[in-house]
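K.L.:
Structure: upload14.cif, mmCIF, C-alpha atoms, pLDDT in the B column; chains and numbers go by the auth columns.
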data_run
loop_
_atom_site.group_PDB
_atom_site.id
_atom_site.type_symbol
_atom_site.label_atom_id
_atom_site.label_comp_id
_atom_site.label_asym_id
_atom_site.label_seq_id
_atom_site.Cartn_x
_atom_site.Cartn_y
_atom_site.Cartn_z
_atom_site.B_iso_or_equiv
_atom_site.auth_seq_id
_atom_site.auth_asym_id
ATOM 1 C CA MET A 1 28.060 -23.242 17.618 43.00 1312 A
ATOM 2 C CA ASP A 2 31.816 -23.282 17.886 56.00 1313 A
ATOM 3 C CA ASN A 3 32.082 -20.919 14.924 67.00 1314 A
ATOM 4 C CA LEU A 4 29.555 -18.578 16.512 65.00 1315 A
ATOM 5 C CA ALA A 5 31.482 -18.527 19.791 63.00 1316 A
ATOM 6 C CA PHE A 6 34.697 -17.878 17.849 55.00 1317 A
ATOM 7 C CA TRP A 7 33.226 -14.876 16.025 58.00 1318 A
ATOM 8 C CA ILE A 8 31.636 -13.514 19.204 62.00 1319 A
ATOM 9 C CA LEU A 9 35.100 -13.533 20.735 61.00 1320 A
ATOM 10 C CA VAL A 10 37.055 -12.347 17.704 60.00 1321 A
ATOM 11 C CA PHE A 11 34.721 -9.785 16.128 62.00 1322 A
ATOM 12 C CA PRO A 12 35.182 -7.072 18.814 66.00 1323 A
ATOM 13 C CA LEU A 13 38.948 -7.423 18.488 62.00 1324 A
ATOM 14 C CA LEU A 14 38.785 -7.193 14.706 66.00 1325 A
ATOM 15 C CA LEU A 15 36.576 -4.136 15.040 67.00 1326 A
ATOM 16 C CA VAL A 16 39.106 -2.469 17.366 66.00 1327 A
ATOM 17 C CA ALA A 17 41.920 -3.290 14.931 67.00 1328 A
ATOM 18 C CA VAL A 18 39.975 -1.794 12.007 70.00 1329 A
ATOM 19 C CA LEU A 19 39.092 1.343 13.964 69.00 1330 A
ATOM 20 C CA TYR A 20 42.737 1.598 15.055 72.00 1331 A
ATOM 21 C CA TYR A 21 43.914 1.678 11.460 75.00 1332 A
ATOM 22 C CA LEU A 22 41.036 3.910 10.287 76.00 1333 A
ATOM 23 C CA GLY A 23 42.164 6.476 12.852 78.00 1334 A
ATOM 24 C CA PHE A 24 45.616 6.683 11.230 77.00 1335 A
ATOM 25 C CA LEU A 25 44.056 6.566 7.766 77.00 1336 A
ATOM 26 C CA SER A 26 41.689 9.473 8.395 81.00 1337 A
ATOM 27 C CA VAL A 27 44.388 11.667 9.928 78.00 1338 A
ATOM 28 C CA GLY A 28 46.814 10.797 7.137 76.00 1339 A
ATOM 29 C CA LEU A 29 44.277 11.500 4.419 78.00 1340 A
ATOM 30 C CA GLY A 30 43.618 14.854 6.066 79.00 1341 A
ATOM 31 C CA PHE A 31 47.277 15.812 5.596 75.00 1342 A
ATOM 32 C CA VAL A 32 47.248 14.478 2.020 78.00 1343 A
ATOM 33 C CA ALA A 33 44.132 16.509 1.159 81.00 1344 A
ATOM 34 C CA THR A 34 45.714 19.623 2.678 80.00 1345 A
ATOM 35 C CA ALA A 35 48.884 18.954 0.679 75.00 1346 A
ATOM 36 C CA PHE A 36 46.986 18.974 -2.613 75.00 1347 A
ATOM 37 C CA LYS A 37 45.347 22.252 -1.647 77.00 1348 A
ATOM 38 C CA SER A 38 48.678 23.828 -0.790 76.00 1349 A
ATOM 39 C CA ARG A 39 50.254 26.040 -3.440 75.00 1350 A
ATOM 40 C CA GLY A 40 53.855 25.911 -2.243 76.00 1351 A
ATOM 41 C CA ILE A 41 55.922 22.979 -3.468 80.00 1352 A
ATOM 42 C CA VAL A 42 57.872 22.700 -0.218 74.00 1353 A
ATOM 43 C CA GLY A 43 54.740 22.829 1.925 74.00 1354 A
ATOM 44 C CA LYS A 44 52.952 20.382 -0.373 73.00 1355 A
ATOM 45 C CA THR A 45 55.879 17.939 -0.159 81.00 1356 A
ATOM 46 C CA ILE A 46 56.103 18.149 3.626 80.00 1357 A
ATOM 47 C CA LEU A 47 52.361 17.692 4.151 79.00 1358 A
ATOM 48 C CA LEU A 48 52.220 14.819 1.663 80.00 1359 A
ATOM 49 C CA THR A 49 55.170 13.085 3.333 83.00 1360 A
ATOM 50 C CA ILE A 50 53.584 13.465 6.772 83.00 1361 A
ATOM 51 C CA GLY A 51 50.245 12.179 5.503 76.00 1362 A
ATOM 52 C CA LEU A 52 51.710 9.114 3.806 81.00 1363 A
ATOM 53 C CA GLY A 53 53.871 8.451 6.861 81.00 1364 A
ATOM 54 C CA ILE A 54 50.833 8.477 9.155 80.00 1365 A
ATOM 55 C CA ILE A 55 48.880 6.192 6.819 79.00 1366 A
ATOM 56 C CA SER A 56 51.716 3.662 6.624 82.00 1367 A
ATOM 57 C CA PHE A 57 52.753 3.936 10.287 78.00 1368 A
ATOM 58 C CA PRO A 58 50.865 0.811 11.520 80.00 1369 A
ATOM 59 C CA PHE A 59 52.496 -1.303 8.806 81.00 1370 A
ATOM 60 C CA LEU A 60 55.932 0.236 9.322 80.00 1371 A
ATOM 61 C CA ALA A 61 55.665 -0.304 13.080 78.00 1372 A
ATOM 62 C CA ILE A 62 54.946 -3.998 12.546 79.00 1373 A
ATOM 63 C CA LYS A 63 57.824 -4.257 10.055 83.00 1374 A
ATOM 64 C CA PHE A 64 60.203 -2.643 12.537 82.00 1375 A
ATOM 65 C CA GLN A 65 58.954 -4.905 15.319 81.00 1376 A
ATOM 66 C CA HIS A 66 59.594 -7.967 13.155 78.00 1377 A
ATOM 67 C CA PHE A 67 63.043 -6.671 12.198 82.00 1378 A
ATOM 68 C CA LYS A 68 63.988 -6.355 15.877 85.00 1379 A
ATOM 69 C CA ALA A 69 62.538 -9.800 16.562 83.00 1380 A
ATOM 70 C CA ASP A 70 64.695 -11.275 13.780 86.00 1381 A
ATOM 71 C CA ARG A 71 67.794 -9.660 15.268 90.00 1382 A
ATOM 72 C CA LYS A 72 67.000 -11.009 18.740 89.00 1383 A
ATOM 73 C CA ALA A 73 66.328 -14.469 17.307 88.00 1384 A
ATOM 74 C CA ASP A 74 69.706 -14.417 15.559 90.00 1385 A
ATOM 75 C CA GLN A 75 71.423 -13.357 18.777 92.00 1386 A
ATOM 76 C CA ARG A 76 69.644 -16.102 20.692 91.00 1387 A
ATOM 77 C CA GLN A 77 70.788 -18.753 18.231 92.00 1388 A
ATOM 78 C CA GLU A 78 74.353 -17.416 18.366 93.00 1389 A
ATOM 79 C CA GLN A 79 74.330 -17.578 22.179 93.00 1390 A
ATOM 80 C CA LEU A 80 73.065 -21.145 22.123 93.00 1391 A
ATOM 81 C CA ALA A 81 75.701 -22.161 19.579 92.00 1392 A
ATOM 82 C CA LYS A 82 78.424 -20.815 21.887 94.00 1393 A
ATOM 83 C CA LEU A 83 77.310 -22.853 24.901 93.00 1394 A
ATOM 84 C CA GLU A 84 80.138 -24.998 26.205 94.00 1395 A
ATOM 85 C CA ARG A 85 79.469 -28.633 25.397 94.00 1396 A
ATOM 86 C CA ILE A 86 81.296 -31.862 26.156 93.00 1397 A
ATOM 87 C CA SER A 87 81.756 -34.981 24.051 91.00 1398 A
ATOM 88 C CA LEU A 88 80.392 -38.319 25.177 90.00 1399 A
ATOM 89 C CA THR A 89 83.296 -40.169 23.623 88.00 1400 A
ATOM 90 C CA GLY A 90 84.819 -42.228 26.390 86.00 1401 A
ATOM 91 C CA ARG A 91 82.277 -40.909 28.910 88.00 1402 A
ATOM 92 C CA MET A 92 79.179 -42.906 28.069 92.00 1403 A
ATOM 93 C CA PRO A 93 77.439 -43.919 31.305 94.00 1404 A
ATOM 94 C CA ARG A 94 75.554 -47.163 31.786 93.00 1405 A
ATOM 95 C CA LYS A 95 72.158 -45.613 32.473 94.00 1406 A
ATOM 96 C CA PHE A 96 69.893 -42.807 31.270 96.00 1407 A
ATOM 97 C CA VAL A 97 66.716 -40.996 32.297 96.00 1408 A
ATOM 98 C CA THR A 98 64.181 -39.211 30.078 96.00 1409 A
ATOM 99 C CA VAL A 99 62.317 -36.155 31.356 96.00 1410 A
ATOM 100 C CA GLY A 100 59.449 -34.914 29.230 92.00 1411 A
ATOM 101 C CA ARG A 101 57.547 -36.245 26.246 91.00 1412 A
ATOM 102 C CA TYR A 102 59.816 -39.090 25.180 93.00 1413 A
ATOM 103 C CA HIS A 103 57.789 -41.902 23.680 93.00 1414 A
ATOM 104 C CA GLN A 104 58.646 -45.570 24.070 94.00 1415 A
ATOM 105 C CA SER A 105 59.997 -45.599 20.516 95.00 1416 A
ATOM 106 C CA HIS A 106 62.456 -42.836 21.492 95.00 1417 A
ATOM 107 C CA ILE A 107 63.534 -44.772 24.582 94.00 1418 A
ATOM 108 C CA ASP A 108 64.025 -47.906 22.493 94.00 1419 A
ATOM 109 C CA LEU A 109 66.132 -45.893 20.041 94.00 1420 A
ATOM 110 C CA ILE A 110 68.353 -44.601 22.865 94.00 1421 A
ATOM 111 C CA LYS A 111 68.904 -48.143 24.078 93.00 1422 A
ATOM 112 C CA LYS A 112 69.676 -49.363 20.569 91.00 1423 A
ATOM 113 C CA GLU A 113 72.103 -46.551 19.742 90.00 1424 A
ATOM 114 C CA SER A 114 73.962 -46.626 23.068 90.00 1425 A
ATOM 115 C CA ARG A 115 73.343 -49.954 24.823 87.00 1426 A
ATOM 116 C CA MET A 116 72.437 -47.972 27.927 93.00 1427 A
ATOM 117 C CA VAL A 117 69.636 -49.111 30.205 94.00 1428 A
ATOM 118 C CA GLN A 118 67.143 -47.374 32.437 95.00 1429 A
ATOM 119 C CA PHE A 119 66.930 -47.508 36.199 93.00 1430 A
ATOM 120 C CA PRO A 120 64.243 -49.669 37.830 93.00 1431 A
ATOM 121 C CA GLN A 121 60.855 -47.988 37.395 93.00 1432 A
ATOM 122 C CA VAL A 122 60.578 -46.578 40.913 94.00 1433 A
ATOM 123 C CA GLU A 123 64.066 -45.048 40.811 93.00 1434 A
ATOM 124 C CA ASN A 124 63.567 -43.835 37.260 93.00 1435 A
ATOM 125 C CA ASP A 125 60.373 -42.008 38.249 93.00 1436 A
ATOM 126 C CA ARG A 126 62.062 -40.502 41.311 94.00 1437 A
ATOM 127 C CA LEU A 127 64.964 -39.143 39.271 95.00 1438 A
ATOM 128 C CA ALA A 128 62.705 -37.736 36.536 95.00 1439 A
ATOM 129 C CA LYS A 129 60.450 -36.018 39.078 94.00 1440 A
ATOM 130 C CA ALA A 130 63.391 -34.643 41.079 93.00 1441 A
ATOM 131 C CA TYR A 131 65.080 -33.342 37.938 94.00 1442 A
ATOM 132 C CA ARG A 132 61.877 -31.687 36.721 92.00 1443 A
ATOM 133 C CA GLN A 133 61.233 -29.985 40.039 90.00 1444 A
ATOM 134 C CA TYR A 134 64.810 -28.754 40.319 90.00 1445 A
ATOM 135 C CA ARG A 135 64.814 -27.168 36.854 90.00 1446 A
ATOM 136 C CA ARG A 136 61.488 -25.438 37.505 89.00 1447 A
ATOM 137 C CA ALA A 137 62.724 -24.092 40.843 86.00 1448 A
ATOM 138 C CA GLU A 138 65.949 -22.986 39.146 87.00 1449 A
ATOM 139 C CA PHE A 139 63.989 -21.143 36.460 86.00 1450 A
ATOM 140 C CA CYS A 140 61.736 -19.481 39.032 83.00 1451 A
ATOM 141 C CA HIS A 141 64.677 -18.221 41.091 78.00 1452 A
ATOM 142 C CA SER A 142 66.475 -16.904 38.001 81.00 1453 A
ATOM 143 C CA HIS A 143 63.397 -14.984 36.777 74.00 1454 A
ATOM 144 C CA SER A 144 61.295 -14.251 39.870 70.00 1455 A
ATOM 145 C CA ALA A 145 63.668 -14.288 42.831 64.00 1456 A
ATOM 146 C CA GLY A 146 62.266 -12.476 45.866 59.00 1457 A
ATOM 147 C CA LYS A 147 58.718 -12.182 44.516 68.00 1458 A
ATOM 148 C CA THR A 148 55.769 -13.124 46.717 66.00 1459 A
ATOM 149 C CA LEU A 149 52.174 -14.148 46.058 62.00 1460 A
ATOM 150 C CA SER A 150 51.004 -10.637 46.924 60.00 1461 A
ATOM 151 C CA ARG A 151 51.841 -7.675 49.118 65.00 1462 A
ATOM 152 C CA LYS A 152 49.515 -8.978 51.805 65.00 1463 A
ATOM 153 C CA ILE A 153 50.508 -12.629 51.510 66.00 1464 A
ATOM 154 C CA ASN A 154 54.252 -12.702 52.040 68.00 1465 A
ATOM 155 C CA ILE A 155 54.778 -16.189 50.659 67.00 1466 A
ATOM 156 C CA PRO A 156 57.538 -16.666 48.041 68.00 1467 A
ATOM 157 C CA ILE A 157 56.268 -17.822 44.666 71.00 1468 A
ATOM 158 C CA CYS A 158 59.389 -19.944 44.182 76.00 1469 A
ATOM 159 C CA ARG A 159 60.135 -23.196 45.925 77.00 1470 A
ATOM 160 C CA ASP A 160 63.383 -23.472 47.839 80.00 1471 A
ATOM 161 C CA LEU A 161 66.270 -24.124 45.474 80.00 1472 A
ATOM 162 C CA PRO A 162 68.605 -26.911 46.658 79.00 1473 A
ATOM 163 C CA ASP A 163 72.338 -26.283 46.672 81.00 1474 A
ATOM 164 C CA SER A 164 72.872 -28.379 43.546 84.00 1475 A
ATOM 165 C CA ILE A 165 71.272 -30.838 41.177 89.00 1476 A
ATOM 166 C CA HIS A 166 73.487 -33.512 42.716 86.00 1477 A
ATOM 167 C CA ALA A 167 71.927 -33.000 46.135 84.00 1478 A
ATOM 168 C CA VAL A 168 68.494 -33.518 44.585 88.00 1479 A
ATOM 169 C CA LEU A 169 69.267 -36.565 42.457 90.00 1480 A
ATOM 170 C CA ASN A 170 71.570 -38.218 45.005 89.00 1481 A
ATOM 171 C CA LEU A 171 73.329 -40.240 42.304 89.00 1482 A
ATOM 172 C CA LYS A 172 75.737 -43.082 42.927 89.00 1483 A
ATOM 173 C CA GLU A 173 76.866 -43.245 39.297 91.00 1484 A
ATOM 174 C CA PRO A 174 76.895 -41.024 36.173 93.00 1485 A
ATOM 175 C CA VAL A 175 73.660 -40.735 34.204 95.00 1486 A
ATOM 176 C CA LEU A 176 72.565 -39.184 30.918 96.00 1487 A
ATOM 177 C CA ILE A 177 69.512 -36.945 31.219 96.00 1488 A
ATOM 178 C CA PHE A 178 67.415 -36.485 28.087 97.00 1489 A
ATOM 179 C CA ALA A 179 65.191 -33.458 28.820 96.00 1490 A
ATOM 180 C CA GLU A 180 62.531 -31.948 26.600 95.00 1491 A
ATOM 181 C CA GLY A 181 60.310 -28.866 26.465 92.00 1492 A
ATOM 182 C CA SER A 182 59.687 -27.094 29.764 90.00 1493 A
ATOM 183 C CA ASN A 183 62.141 -29.423 31.516 93.00 1494 A
ATOM 184 C CA THR A 184 65.172 -27.942 29.772 93.00 1495 A
ATOM 185 C CA SER A 185 67.496 -25.488 31.515 91.00 1496 A
ATOM 186 C CA PHE A 186 67.711 -22.574 29.065 91.00 1497 A
ATOM 187 C CA LEU A 187 64.116 -21.351 29.119 88.00 1498 A
ATOM 188 C CA ARG A 188 63.501 -17.645 28.521 84.00 1499 A
ATOM 189 C CA SER A 189 59.937 -17.516 29.780 80.00 1500 A
ATOM 190 C CA ASN A 190 57.015 -19.605 30.956 77.00 1501 A
ATOM 191 C CA THR A 191 55.690 -19.524 27.408 75.00 1502 A
ATOM 192 C CA HIS A 192 56.895 -22.630 25.617 77.00 1503 A
ATOM 193 C CA VAL A 193 56.879 -22.369 21.832 82.00 1504 A
ATOM 194 C CA GLY A 194 58.523 -24.816 19.473 87.00 1505 A
ATOM 195 C CA LYS A 195 60.675 -27.816 20.254 93.00 1506 A
ATOM 196 C CA LYS A 196 63.451 -27.881 22.845 94.00 1507 A
ATOM 197 C CA TYR A 197 65.788 -30.814 23.481 96.00 1508 A
ATOM 198 C CA GLU A 198 68.620 -31.047 25.987 96.00 1509 A
ATOM 199 C CA LEU A 199 71.147 -33.728 26.856 97.00 1510 A
ATOM 200 C CA ARG A 200 73.198 -33.505 30.049 96.00 1511 A
ATOM 201 C CA LEU A 201 75.759 -35.802 31.656 96.00 1512 A
ATOM 202 C CA ILE A 202 75.292 -35.669 35.399 94.00 1513 A
ATOM 203 C CA THR A 203 77.659 -37.390 37.785 91.00 1514 A
ATOM 204 C CA PRO A 204 77.730 -37.363 41.594 89.00 1515 A
ATOM 205 C CA THR A 205 79.843 -34.181 41.334 88.00 1516 A
ATOM 206 C CA ASP A 206 79.331 -32.618 37.864 89.00 1517 A
ATOM 207 C CA ASP A 207 76.502 -31.329 35.695 91.00 1518 A
ATOM 208 C CA GLN A 208 77.732 -30.932 32.109 94.00 1519 A
ATOM 209 C CA LEU A 209 75.930 -30.005 28.916 96.00 1520 A
ATOM 210 C CA VAL A 210 76.283 -32.446 26.046 96.00 1521 A
ATOM 211 C CA ASP A 211 73.895 -30.817 23.586 96.00 1522 A
ATOM 212 C CA TYR A 212 70.994 -28.390 23.400 96.00 1523 A
ATOM 213 C CA TYR A 213 68.578 -27.514 20.618 95.00 1524 A
ATOM 214 C CA GLU A 214 65.573 -25.238 20.358 94.00 1525 A
ATOM 215 C CA ASP A 215 63.513 -24.061 17.411 93.00 1526 A
ATOM 216 C CA ARG A 216 64.265 -20.554 16.214 91.00 1527 A
ATOM 217 C CA THR A 217 61.524 -18.437 17.765 88.00 1528 A
ATOM 218 C CA LEU A 218 60.473 -14.858 17.147 86.00 1529 A
ATOM 219 C CA GLU A 219 59.069 -12.347 19.611 80.00 1530 A
ATOM 220 C CA ARG A 220 55.445 -11.631 18.797 76.00 1531 A
ATOM 221 C CA PRO A 221 54.031 -9.524 21.653 69.00 1532 A
ATOM 222 C CA ALA A 222 50.273 -9.231 21.969 63.00 1533 A
ATOM 223 C CA GLY A 223 48.796 -6.039 20.568 61.00 1534 A
ATOM 224 C CA ILE A 224 45.761 -4.598 18.857 55.00 1535 A
ATOM 225 C CA THR A 225 46.458 -6.508 15.662 57.00 1536 A
ATOM 226 C CA THR A 226 47.644 -9.679 17.471 60.00 1537 A
ATOM 227 C CA PRO A 227 45.541 -9.878 20.650 58.00 1538 A
ATOM 228 C CA PHE A 228 45.907 -13.638 21.115 55.00 1539 A
ATOM 229 C CA SER A 229 49.678 -13.814 20.715 58.00 1540 A
ATOM 230 C CA SER A 230 51.494 -15.790 23.414 60.00 1541 A
ATOM 231 C CA GLY A 231 54.536 -13.529 23.058 72.00 1542 A
ATOM 232 C CA TYR A 232 56.585 -15.894 20.915 80.00 1543 A
ATOM 233 C CA ALA A 233 56.091 -17.803 17.684 82.00 1544 A
ATOM 234 C CA ARG A 234 58.184 -20.428 15.961 87.00 1545 A
ATOM 235 C CA ASP A 235 59.936 -19.119 12.855 87.00 1546 A
ATOM 236 C CA PRO A 236 58.096 -20.929 10.028 87.00 1547 A
ATOM 237 C CA ASP A 237 61.037 -20.430 7.660 87.00 1548 A
ATOM 238 C CA ALA A 238 63.665 -21.961 9.968 87.00 1549 A
ATOM 239 C CA SER A 239 64.804 -25.567 9.761 89.00 1550 A
ATOM 240 C CA GLU A 240 63.468 -27.971 12.365 91.00 1551 A
ATOM 241 C CA LEU A 241 65.292 -30.818 14.129 93.00 1552 A
ATOM 242 C CA HIS A 242 63.306 -33.946 14.907 93.00 1553 A
ATOM 243 C CA ILE A 243 63.810 -35.557 18.290 94.00 1554 A
ATOM 244 C CA ILE A 244 65.023 -38.764 16.626 94.00 1555 A
ATOM 245 C CA ASP A 245 67.756 -36.850 14.806 95.00 1556 A
ATOM 246 C CA PHE A 246 68.734 -35.155 18.071 95.00 1557 A
ATOM 247 C CA ILE A 247 69.142 -38.544 19.739 95.00 1558 A
ATOM 248 C CA LYS A 248 71.093 -40.045 16.852 94.00 1559 A
ATOM 249 C CA ARG A 249 73.499 -37.148 16.416 92.00 1560 A
ATOM 250 C CA ASN A 250 74.536 -37.391 20.054 92.00 1561 A
ATOM 251 C CA LEU A 251 74.760 -41.182 20.433 92.00 1562 A
ATOM 252 C CA ASP A 252 76.120 -42.131 17.041 83.00 1563 A
ATOM 253 C CA GLY A 253 79.736 -43.220 17.544 70.00 1564 A
ATOM 254 C CA ALA A 254 79.886 -42.102 21.182 66.00 1565 A
#
Can you present the structure in this file as structure tokens?
P.N.:
Amino acid sequence: MDNLAFWILVFPLLLVAVLYYLGFLSVGLGFVATAFKSRGIVGKTILLTIGLGIISFPFLAIKFQHFKADRKADQRQEQLAKLERISLTGRMPRKFVTVGRYHQSHIDLIKKESRMVQFPQVENDRLAKAYRQYRRAEFCHSHSAGKTLSRKINIPICRDLPDSIHAVLNLKEPVLIFAEGSNTSFLRSNTHVGKKYELRLITPTDDQLVDYYEDRTLERPAGITTPFSSGYARDPDASELHIIDFIKRNLDGA
């Protein structure tokens, strides 16, 4: 039944994709046929070139799109590599908070590698929730500032953004924030593809980046040939950093 539902959903899209290409193919073959009927060498060459170009256009367009996506992915990785980071050497706080999908084994590893401890459960939950809400409000204001629910309903889609992360967390001592996925602070869109890890040292007055990692992702906009694309896809050929390695590389020797 699941397979039937899948094909009911996919078949019309596949049919549109096939018809899309057949349109280019038929027009291109028309130019090729005319080229072979032409007696002049110059005219034959021009018509044949146009025909072959039309036939290959869908494939060339995808190739060009992927080439641009590769360039943007390279630029993104270069920008991330240039982010200003600080060293934890001599700055290791006594406590840490995890925000996102950090399993108990990851938390135990952080404790083992650093001898840090967590806050009491109630305070830990408050800090994690406050941090998560602040980052989401920050993202909304940076991407959708001034937008409302609709023209008729003049209600901002973004929550109020506090003056600073310090005002939200209300810390009395420095803390290391291990954030993951949608809770990180360098998101490009609401579409979350691949792994993202972030480590920040937040004090009562400062918010400093220790480290950030994200999988190399490629733009893959939805189209006739890729109707279900989310807009981005993880680069399958790029190396991948495991969350355990991210933790160890930042706490080892700090």
K.L.:
Enter the distance from atom CA of A:Asp1526 to atom CA of A:Ile1476, in Å, rounded to one decimal.
P.N.:
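Answer for the atom CA of A:Asp1526 to atom CA of A:Ile1476 separation: 25.9 Å.
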K.L.:
So which residues touch stretch 1509-1518 of chain A within 7 Å, counting all atoms listed in the file, skipping near sequence neighbours fewer than 6 positions away, as a list in words?
P.N.:
His1477, Leu1482, Lys1483, Glu1484, Pro1485, Val1486, Leu1487, Ile1488, Phe1489, Ala1490, Glu1491, Thr1495 and Tyr1524 of chain A
K.L.:
A:Gly1341, A:His1454, A:Arg1470, A:Phe1375: which is nearest A:Leu1363, counting only C-alpha atoms?
P.N.:
A:Gly1341
K.L.:
Find the residues near A:Tyr1543: any atom within 10 Å, counting all atoms listed in the file, skip ones fewer than 4 places away on the same chain, and give them as a PyMOL selection string.
P.N.:
chain A and resi 1380+1500+1502-1505+1528-1533
K.L.:
If you keep C-alpha atoms, can you produce a file of those selected residues as a PDB file, in the frame of the given file?
P.N.:
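Writing done, so here's selection.pdb:
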ATOM      1  CA  ALA A1380      62.538  -9.800  16.562  1.00 83.00           C
ATOM      2  CA  SER A1500      59.937 -17.516  29.780  1.00 80.00           C
ATOM      3  CA  THR A1502      55.690 -19.524  27.408  1.00 75.00           C
ATOM      4  CA  HIS A1503      56.895 -22.630  25.617  1.00 77.00           C
ATOM      5  CA  VAL A1504      56.879 -22.369  21.832  1.00 82.00           C
ATOM      6  CA  GLY A1505      58.523 -24.816  19.473  1.00 87.00           C
ATOM      7  CA  THR A1528      61.524 -18.437  17.765  1.00 88.00           C
ATOM      8  CA  LEU A1529      60.473 -14.858  17.147  1.00 86.00           C
ATOM      9  CA  GLU A1530      59.069 -12.347  19.611  1.00 80.00           C
ATOM     10  CA  ARG A1531      55.445 -11.631  18.797  1.00 76.00           C
ATOM     11  CA  PRO A1532      54.031  -9.524  21.653  1.00 69.00           C
ATOM     12  CA  ALA A1533      50.273  -9.231  21.969  1.00 63.00           C
TER      13      ALA A1533
END
K.L.:
Leaving out stretch 1399-1413 of chain A and any residue of its chain fewer than 4 positions from it, which residues lie within 8 Å of it when counting all atoms listed in the file, given as number ranges by chain?
P.N.:
A: 1417-1418, 1426-1430, 1435, 1438-1440, 1442-1443, 1485-1494, 1521, 1561-1562, 1564-1565
K.L.:
Separation of atom CA of A:Val1479 and atom CA of A:Tyr1445, in Å?
P.N.:
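Answer for the atom CA of A:Val1479 to atom CA of A:Tyr1445 separation: 7.4 Å.
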K.L.:
Report as a ChimeraX atom specification the full result of the PyMOL selection byres ((chain A and resi 1546-1551) around 6) when it is applied to this structure.
P.N.:
/A:1527-1528,1545,1552
K.L.:
One decimal, in Å: what's the spacing between atom CA of A:Leu1520 and atom CA of A:Ile1397?
P.N.:
6.3 Å
K.L.:
Please determine, counting all atoms listed in the file, which residue among A:Ile1366, A:Ala1441, A:Leu1420, A:Ile1361 has the shortest atom-to-atom distance to A:Ala1478.
P.N.:
A:Ala1441
K.L.:
Taking all atoms listed in the file into account, which of A:Ala1392, A:Ala1384, A:Ala1448, A:Leu1336 comes nearest A:Ala1544?
P.N.:
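With all atoms listed in the file as the atom set, the closest residue is A:Ala1384.
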K.L.:
Rank nothing, just name the residue among A:Pro1369, A:Gln1444, A:His1377, A:Tyr1508 nearest to A:Asp1556, using all atoms listed in the file.
P.N.:
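Looking only at the distances to A:Asp1556, the closest residue turns out to be A:Tyr1508.
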K.L.:
Between A:Val1329, A:Leu1359, A:Leu1480, A:Ile1555, which one has atoms that come closest to A:Phe1342, using all atoms listed in the file?
P.N.:
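Of all the options, A:Leu1359 lies closest to A:Phe1342.
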K.L.:
A:Ser1455, A:Leu1391, A:Asp1381, A:Leu1340: which is nearest A:Lys1507, counting all atoms listed in the file?
P.N.:
A:Leu1391
